[in-house]
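*Asks:* The structure that follows is given in the form of structure tokens.
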Amino acid sequence: MKNIKFLLLGIFFAIVLSKSQAISWFRFYEMFRFQSFHMFGIIGSAIVISAVFMQLFKRGIIKDIHGNLIKPKQKEKGFVRTLVGGTFFGIGWGISGACAGPIFVILGFKFLPALILLLSALLGAFIYGLLSKKLPN
């Protein structure tokens, strides 16, 4: 019962993703063709909300469930790895028609295509794990 709030938050997030059409292949297609602002607005909103929460973490206003400070790790900056990683992410997004974030929400709507998408994402993560020592990261 202690973690029920996380389940409820996940359900709420799934409802928001589905109602905002952030799981729609057509919305991604429109975004990649620069025909609609819809997805750019959703992504931009997520960036602003994330920035606010990161500041709250850094200032110690939001803590983990045990009351400890959340200290985000500093990431190394790198142009090449950002370019390579973003390219592979974008290619996968463009080919599949779905972002990795809402895969589990899509499972509730279109089970078989989403299952293939989930297995492909897991395979990609596995391959990355095998090659990560040789990549510029």
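Numbering starts fresh at 1 for the residues of each chain in the structure tokens, the chains themselves are lettered A, B, ... in the order given, and ligands are numbered from 1 as they appear.
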Could you please write out, as an MDAnalysis selection string, every residue of range 12-58 of chain A that DSSP assigns to helix (DSSP H, G or I)?

*Replies:* chainID A and resid 12:19 25:32 38:58

*Asks:* Would you mind listing, for every residue of range 79-111 of chain A within 8 Å of range 13-34 of chain A, the two atoms forming the shortest contact and the distance between them in Å to one decimal, using only C-alpha atoms, sorted by chain and ascending residue number, as a tab-separated table?

*Replies:*
```
residue	atom	partner	partner_atom	distance
A:Gly94	CA	A:Tyr29	CA	7.9
A:Gly97	CA	A:Trp25	CA	5.0
A:Ala98	CA	A:Trp25	CA	6.3
A:Cys99	CA	A:Ile23	CA	7.7
A:Pro102	CA	A:Ile23	CA	6.4
A:Val105	CA	A:Ala14	CA	5.7
A:Ile106	CA	A:Ile23	CA	6.5
```

*Asks:* Between A:Ile43, A:Ile70, A:Ile103, A:Met1, which is the closest to Lys58 in chain A once you count only C-alpha atoms?

*Replies:*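 The shortest atom-to-atom distance to Lys58 in chain A comes from A:Ile70.
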
*Asks:* Taking into account only C-alpha atoms, which residue in the set A:Met39, A:Val52, A:Ile62, A:Ala100 is nearest to Gly124 in chain A?

*Replies:*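 Of all the options, A:Ala100 lies closest to Gly124 in chain A.
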
*Asks:* In terms of the shortest atom-to-atom distance over only C-alpha atoms, which of A:His66, A:Leu56, A:Gly41, A:Tyr128 is closest to Lys2 in chain A?

*Replies:* A:His66
